[in-house]
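A.B. asks: Contents of structure-v5.cif (mmCIF, C-alpha atoms) are below:
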```
data_upload
#
loop_
_atom_site.label_atom_id
_atom_site.label_comp_id
_atom_site.auth_asym_id
_atom_site.auth_seq_id
_atom_site.Cartn_x
_atom_site.Cartn_y
_atom_site.Cartn_z
CA MET A 1468 18.56 0.72 -0.39
CA ILE A 1469 17.36 -2.11 1.81
CA LEU A 1470 13.65 -1.33 1.48
CA GLU A 1471 11.54 -2.00 -1.58
CA LEU A 1472 8.01 -1.00 -2.53
CA LYS A 1473 6.03 -3.08 -5.03
CA PHE A 1474 2.73 -2.33 -6.72
CA THR A 1475 -0.10 -4.72 -7.38
CA PRO A 1476 -2.86 -4.25 -9.99
CA ASP A 1477 -5.27 -3.45 -7.14
CA SER A 1478 -3.13 -0.55 -5.96
CA VAL A 1479 -3.51 1.10 -9.37
CA VAL A 1480 -7.29 0.61 -9.37
CA SER A 1481 -7.82 1.84 -5.80
CA ARG A 1482 -5.27 4.70 -6.12
CA LYS A 1483 -3.72 3.78 -2.80
CA TYR A 1484 -0.31 2.50 -1.75
CA PHE A 1485 0.38 0.63 1.43
CA ILE A 1486 3.15 0.13 3.94
CA ILE A 1487 2.38 -3.04 5.86
CA TYR A 1488 3.91 -4.31 9.10
CA LYS A 1489 3.09 -7.75 10.34
CA GLY A 1490 2.79 -8.72 13.98
CA ASN A 1491 4.26 -11.65 15.85
CA PHE A 1492 1.96 -14.35 17.20
CA ASP A 1493 4.69 -16.17 19.13
CA ILE A 1494 4.13 -13.94 22.15
CA MET A 1495 5.23 -16.23 24.95
CA SER A 1496 8.61 -17.03 23.42
CA LYS A 1497 9.24 -13.35 22.72
CA LEU A 1498 8.44 -12.41 26.30
CA SER A 1499 11.42 -14.47 27.43
CA SER A 1500 13.73 -13.21 24.71
CA PRO A 1501 15.98 -10.14 24.95
CA THR A 1502 15.13 -9.31 21.34
CA ILE A 1503 11.80 -7.85 22.44
CA PHE A 1504 13.54 -4.89 24.03
CA LEU A 1505 13.60 -2.88 20.84
CA SER A 1506 13.67 0.92 20.73
CA PHE A 1507 11.26 1.94 18.01
CA PRO A 1508 12.65 5.47 17.69
CA GLU A 1509 16.07 3.87 17.24
CA TYR A 1510 14.62 1.44 14.70
CA LEU A 1511 13.21 4.26 12.58
CA PHE A 1512 15.73 7.02 13.14
CA GLY A 1513 18.93 5.25 14.12
CA LYS A 1514 21.63 4.85 11.51
CA THR A 1515 21.71 1.62 9.57
CA ASN A 1516 24.73 0.14 7.84
CA GLU A 1517 22.94 -2.82 6.30
CA ASP A 1518 23.51 -1.47 2.79
CA GLY A 1519 26.38 0.89 3.53
CA ASP A 1520 24.58 4.14 2.67
CA GLY A 1521 23.96 5.29 6.24
CA TYR A 1522 20.32 6.17 5.69
CA THR A 1523 17.84 5.59 8.49
CA LYS A 1524 14.90 3.34 7.78
CA PHE A 1525 12.62 6.35 8.03
CA THR A 1526 14.62 8.24 5.42
CA GLN A 1527 14.60 5.21 3.14
CA ILE A 1528 10.83 4.94 3.46
CA VAL A 1529 10.39 8.64 2.71
CA MET A 1530 12.68 8.42 -0.35
CA ILE A 1531 10.66 5.53 -1.74
CA LEU A 1532 7.34 7.27 -1.08
CA LYS A 1533 8.57 10.45 -2.78
CA GLN A 1534 9.46 8.44 -5.87
CA VAL A 1535 6.01 6.86 -5.89
CA ALA A 1536 4.24 10.17 -5.18
CA LYS A 1537 6.05 11.79 -8.11
CA LYS A 1538 4.75 9.09 -10.42
CA HIS A 1539 1.28 8.85 -8.82
CA PRO A 1540 0.57 12.22 -7.14
CA ASP A 1541 -3.12 11.42 -6.62
CA PHE A 1542 -2.50 8.21 -4.66
CA LYS A 1543 -3.10 8.11 -0.91
CA ILE A 1544 -0.58 6.71 1.56
CA TYR A 1545 -1.82 4.00 3.93
CA VAL A 1546 0.19 2.44 6.75
CA THR A 1547 -1.29 -0.69 8.27
CA GLY A 1548 -0.26 -3.53 10.54
CA HIS A 1549 -1.19 -5.93 13.29
CA SER A 1550 0.00 -5.82 16.88
CA LEU A 1551 3.43 -4.22 17.45
CA GLY A 1552 3.96 -3.68 13.74
CA GLU A 1553 1.27 -1.12 14.31
CA LEU A 1554 3.78 1.04 16.14
CA ARG A 1555 5.90 1.64 13.04
CA ARG A 1556 3.21 3.55 11.20
CA LEU A 1557 4.10 6.84 12.91
CA CYS A 1558 7.13 8.00 10.93
CA PHE A 1559 7.74 11.74 11.45
CA SER A 1560 10.62 14.18 10.99
CA PHE A 1561 10.81 15.63 14.46
CA PRO A 1562 14.23 15.77 16.15
CA ARG A 1563 15.15 12.44 17.70
CA ASP A 1564 15.38 13.92 21.19
CA PHE A 1565 11.78 15.13 20.77
CA VAL A 1566 10.74 11.62 19.78
CA TYR A 1567 12.33 10.23 22.92
CA SER A 1568 10.60 12.92 25.02
CA LEU A 1569 7.26 11.50 23.94
CA ALA A 1570 8.14 8.29 25.81
CA ILE A 1571 7.27 5.95 22.96
CA PHE A 1572 6.79 2.39 24.18
CA PRO A 1573 10.19 0.65 23.75
CA ILE A 1574 9.21 -3.04 24.11
CA SER A 1575 7.99 -4.91 21.06
CA PHE A 1576 6.41 -8.33 21.18
CA GLN A 1577 3.71 -7.31 18.68
CA THR A 1578 5.64 -5.39 16.05
CA GLY A 1579 2.95 -4.92 13.38
CA GLY A 1580 0.33 -2.57 14.83
CA ALA A 1581 2.53 -0.42 17.02
CA LEU A 1582 4.97 0.37 14.22
CA THR A 1583 2.03 1.32 12.01
CA GLN A 1584 1.02 3.98 14.48
CA LEU A 1585 4.53 5.34 14.92
CA LEU A 1586 5.39 5.46 11.23
CA ALA A 1587 2.17 7.26 10.25
CA PHE A 1588 2.73 9.80 13.01
CA ALA A 1589 6.24 10.45 11.79
CA LEU A 1590 5.27 10.73 8.12
CA ALA A 1591 2.50 13.18 8.99
CA GLY A 1592 4.61 15.49 11.15
CA SER A 1593 8.09 15.33 9.69
CA LYS A 1594 9.67 18.11 7.68
CA GLU A 1595 11.47 15.41 5.74
CA SER A 1596 8.14 14.06 4.47
CA ALA A 1597 6.32 17.42 4.28
CA ASP A 1598 5.74 17.21 0.53
CA LEU A 1599 4.11 13.77 0.61
CA PRO A 1600 0.34 13.69 -0.01
CA LYS A 1601 -1.73 14.12 3.15
CA PRO A 1602 -3.39 12.95 5.23
CA ILE A 1603 -1.27 9.91 6.06
CA ILE A 1604 -3.77 7.17 6.85
CA ALA A 1605 -3.02 4.52 9.47
CA VAL A 1606 -5.20 1.45 9.95
CA SER A 1607 -4.03 -0.63 12.89
CA TYR A 1608 -5.21 -3.88 14.37
CA ALA A 1609 -4.43 -4.95 17.95
CA SER A 1610 -2.02 -2.10 18.57
CA PRO A 1611 -0.62 -1.63 22.06
CA ARG A 1612 -0.42 1.81 23.63
CA VAL A 1613 2.55 3.64 22.16
CA GLY A 1614 3.27 6.99 23.84
CA ASN A 1615 2.64 9.28 26.78
CA LYS A 1616 0.30 12.26 27.16
CA GLY A 1617 2.54 14.53 25.10
CA TYR A 1618 2.51 12.01 22.26
CA LEU A 1619 -1.30 11.82 22.41
CA GLU A 1620 -1.69 15.60 22.27
CA LYS A 1621 0.70 15.91 19.31
CA TYR A 1622 -1.13 13.09 17.57
CA LYS A 1623 -4.46 14.88 18.03
CA GLN A 1624 -2.95 18.12 16.73
CA LEU A 1625 -1.83 16.43 13.50
CA GLU A 1626 -5.32 14.97 13.09
CA LYS A 1627 -6.91 18.38 13.67
CA GLU A 1628 -4.65 19.88 10.99
CA GLY A 1629 -5.79 17.20 8.53
CA LEU A 1630 -2.32 15.66 8.24
CA LEU A 1631 -3.04 12.32 9.92
CA ARG A 1632 -5.87 9.80 10.24
CA HIS A 1633 -5.80 6.67 12.37
CA ILE A 1634 -8.41 3.93 12.43
CA ARG A 1635 -7.50 1.71 15.38
CA VAL A 1636 -9.34 -1.61 15.58
CA SER A 1637 -9.39 -3.34 18.97
CA ASN A 1638 -11.05 -6.52 20.18
CA GLN A 1639 -12.78 -7.24 23.47
CA GLY A 1640 -10.47 -9.43 25.54
CA ASP A 1641 -7.26 -8.47 23.72
CA ILE A 1642 -4.98 -7.33 26.55
CA VAL A 1643 -2.28 -6.12 24.14
CA THR A 1644 -4.48 -3.14 23.24
CA VAL A 1645 -4.47 -1.90 26.85
CA SER A 1646 -0.75 -2.42 27.47
CA PRO A 1647 1.38 -0.94 28.89
CA SER A 1648 -1.14 0.18 31.46
CA MET A 1649 0.63 3.04 33.28
CA GLY A 1650 1.39 6.42 31.68
CA PHE A 1651 0.61 5.41 28.09
CA TYR A 1652 -2.38 6.34 25.94
CA GLN A 1653 -4.23 5.10 22.88
CA THR A 1654 -4.71 7.30 19.84
CA GLY A 1655 -6.97 7.63 16.84
CA LEU A 1656 -10.54 6.70 16.07
CA ASN A 1657 -11.22 3.40 17.80
CA ILE A 1658 -13.42 0.70 16.32
CA HIS A 1659 -13.95 -1.87 19.08
CA VAL A 1660 -15.33 -5.31 18.24
CA ALA A 1661 -16.86 -7.90 20.55
CA GLU A 1662 -18.53 -11.25 20.08
CA GLY A 1663 -22.23 -10.94 19.26
CA LYS A 1664 -22.22 -7.14 19.39
CA GLU A 1665 -22.20 -4.22 17.00
CA VAL A 1666 -18.94 -2.29 16.84
CA GLU A 1667 -18.38 0.58 19.28
CA ILE A 1668 -16.74 3.65 17.74
CA GLY A 1669 -15.12 6.46 19.71
CA TYR A 1670 -12.33 9.00 19.31
CA CYS A 1671 -9.25 8.33 21.48
CA LYS A 1672 -11.36 5.76 23.30
CA ASP A 1673 -9.34 3.73 25.78
CA ARG A 1674 -10.20 0.90 28.13
CA SER A 1675 -8.87 -0.32 31.43
CA PHE A 1676 -6.49 -3.24 31.66
CA MET A 1677 -8.82 -5.08 34.03
CA SER A 1678 -11.75 -4.84 31.61
CA GLN A 1679 -9.81 -6.88 29.04
CA LEU A 1680 -8.50 -9.68 31.26
CA ASN A 1681 -9.68 -13.12 30.13
CA THR A 1682 -8.53 -16.71 29.64
CA ASN A 1683 -8.25 -16.49 25.85
CA ALA A 1684 -5.82 -13.61 25.41
CA LEU A 1685 -3.95 -15.20 22.50
CA GLY A 1686 -7.12 -16.09 20.62
CA ASN A 1687 -8.58 -12.62 21.08
CA HIS A 1688 -5.36 -11.06 19.79
CA GLY A 1689 -5.32 -12.97 16.50
CA LEU A 1690 -6.49 -11.49 13.20
CA PRO A 1691 -8.97 -14.34 12.52
CA THR A 1692 -10.96 -13.33 15.61
CA TYR A 1693 -10.78 -9.67 14.64
CA HIS A 1694 -11.97 -10.46 11.13
CA GLY A 1695 -14.80 -12.68 12.34
CA ARG A 1696 -16.15 -10.00 14.69
CA LEU A 1697 -15.70 -6.99 12.40
CA PHE A 1698 -16.85 -8.13 8.98
CA ILE A 1699 -20.41 -9.18 9.79
CA SER A 1700 -23.79 -7.87 8.65
CA ARG A 1701 -24.57 -5.86 11.78
CA ASN A 1702 -21.46 -3.75 11.15
CA THR A 1703 -22.17 -3.06 7.48
CA THR A 1704 -23.09 0.60 7.99
CA ALA A 1705 -20.00 1.39 10.05
CA ILE A 1706 -17.43 -0.39 7.89
CA SER A 1707 -18.90 0.97 4.65
CA MET A 1708 -18.18 4.58 5.72
CA ASP A 1709 -14.98 6.11 4.42
CA ILE A 1710 -12.39 7.44 6.84
CA GLU A 1711 -13.29 11.11 6.48
CA GLU A 1712 -16.96 10.28 7.10
CA LEU A 1713 -16.00 8.42 10.28
CA TYR A 1714 -13.86 11.31 11.48
CA LYS A 1715 -16.57 13.85 10.78
CA LYS A 1716 -19.17 11.85 12.68
CA TYR A 1717 -17.16 10.69 15.69
CA THR A 1718 -14.53 13.37 16.39
#
```
Using structure tokens, write down the structure from this file.

C.D. replies:
Amino acid sequence: MILELKFTPDSVVSRKYFIIYKGNFDIMSKLSSPTIFLSFPEYLFGKTNEDGDGYTKFTQIVMILKQVAKKHPDFKIYVTGHSLGELRRLCFSFPRDFVYSLAIFPISFQTGGALTQLLAFALAGSKESADLPKPIIAVSYASPRVGNKGYLEKYKQLEKEGLLRHIRVSNQGDIVTVSPSMGFYQTGLNIHVAEGKEVEIGYCKDRSFMSQLNTNALGNHGLPTYHGRLFISRNTTAISMDIEELYKKYT
């Protein structure tokens, strides 16, 4: 198998295991490169011959998680990432034509956050991963919009059924989080940070593209800015709540 999952001492103490997707900060070069035109459904569900076994990446991930869940049945599954990696968190076992019907955003210049969202979605709703511990928990930073209205409604349904949780952190002035702007929607419980302000929290909260336009788009997209605006004393109450507490209060 081409994927590998490793444990750290902290994962044993916290009783959590993580799938992490990193983003790509070299945005301008990617915008001029044909490699950004990546189909995320194809990435997760398309056949791969990299190791000769024919398994999709989604199936490989599920196989690994089942092995871990068998050994540690009380651990929780977290999927996290920054930017377009956020999209890969929504792994589910719906038919591929259904995935395509949700119009999942096919262009990736920020592959961390977007893949997080997509992989978590897929893991929560797939028959293939039905026996994994639930809910699947996604924590995304700087994720773009991923799917259309049908995708949003299915996402909300999985949350309502207790199968999926998504904490989506966005930053004032980060235009990636409001892209693409036409026909696509944000999901999850949004924690929005801004300079000098307390976090704003809202369920499926979205913002207009124009409200995020600024001259420091790259700086506002980076994790250092996110970290500096989120982990401050005025946000202590909000960030000390666990995910179920946040969902109970804000959804």

A.B. asks: Run through the PyMOL selection byres ((chain A and resi 1638) around 10) on the given coordinates and return the selected residues as a PyMOL selection string.

C.D. replies: chain A and resi 1608-1609+1636-1637+1639-1644+1658-1662+1666+1679+1687-1690+1692-1694+1696-1697

A.B. asks: Can you measure atom CA of Gly1617 of chain A to atom CA of Lys1594 of chain A for me? One decimal in Å is fine.

C.D. replies: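 Atom CA of Lys1594 of chain A lies 19.2 Å from atom CA of Gly1617 of chain A.
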
A.B. asks: As a list in words, please: the residues near Lys1672 of chain A (cut-off 10 Å, only C-alpha atoms, same-chain neighbours under 2 positions excluded).

C.D. replies: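 Returned residues: Arg1635, Tyr1652, Gln1653, Thr1654, Gly1655, Leu1656, Asn1657, Ile1658, His1659, Glu1667, Ile1668, Gly1669, Tyr1670 and Arg1674 of chain A.
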
A.B. asks: Return the padded bounding box of segment 1538-1544 of chain A as lines of an AutoDock Vina configuration file: axis-aligned, built from all atoms listed in the file, 5 Å added on each side, with centre and edge lengths in Å to one decimal.

C.D. replies:
```
center_x = 0.8
center_y = 9.5
center_z = -4.4
size_x = 17.9
size_y = 15.5
size_z = 22.0
```

A.B. asks: One decimal, in Å: what's the spacing between atom CA of Phe1651 of chain A and atom CA of His1549 of chain A?

C.D. replies: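 Atom CA of His1549 of chain A lies at a distance of 18.7 Å from atom CA of Phe1651 of chain A.
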
A.B. asks: To one decimal place in Å, what is the distance between atom CA of Ala1587 of chain A and atom CA of Ile1604 of chain A?

C.D. replies: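 Those two atoms sit 6.8 Å apart.
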
A.B. asks: A:Ser1596, A:Met1649, A:Val1606, A:Ala1591: which is nearest Lys1627 of chain A, counting all atoms listed in the file?

C.D. replies: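 That would be A:Ala1591, the residue with the smallest distance to Lys1627 of chain A.
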
A.B. asks: Which polymer residues, whether protein, DNA or RNA, lie within 6 Å of the coordinate (-6.1, 16.0, 3.1) when you count all atoms listed in the file? List them as a ChimeraX atom specification, using the chain letters and numbers from the file.

C.D. replies: /A:1601-1602,1629

A.B. asks: Which one is closest to Leu1590 of chain A: A:Leu1685, A:Arg1632, A:Gly1614, A:Val1529? Count only C-alpha atoms.

C.D. replies: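 Checking each of A:Leu1685, A:Arg1632, A:Gly1614, A:Val1529 against Leu1590 of chain A, counting only C-alpha atoms, the winner is A:Val1529.
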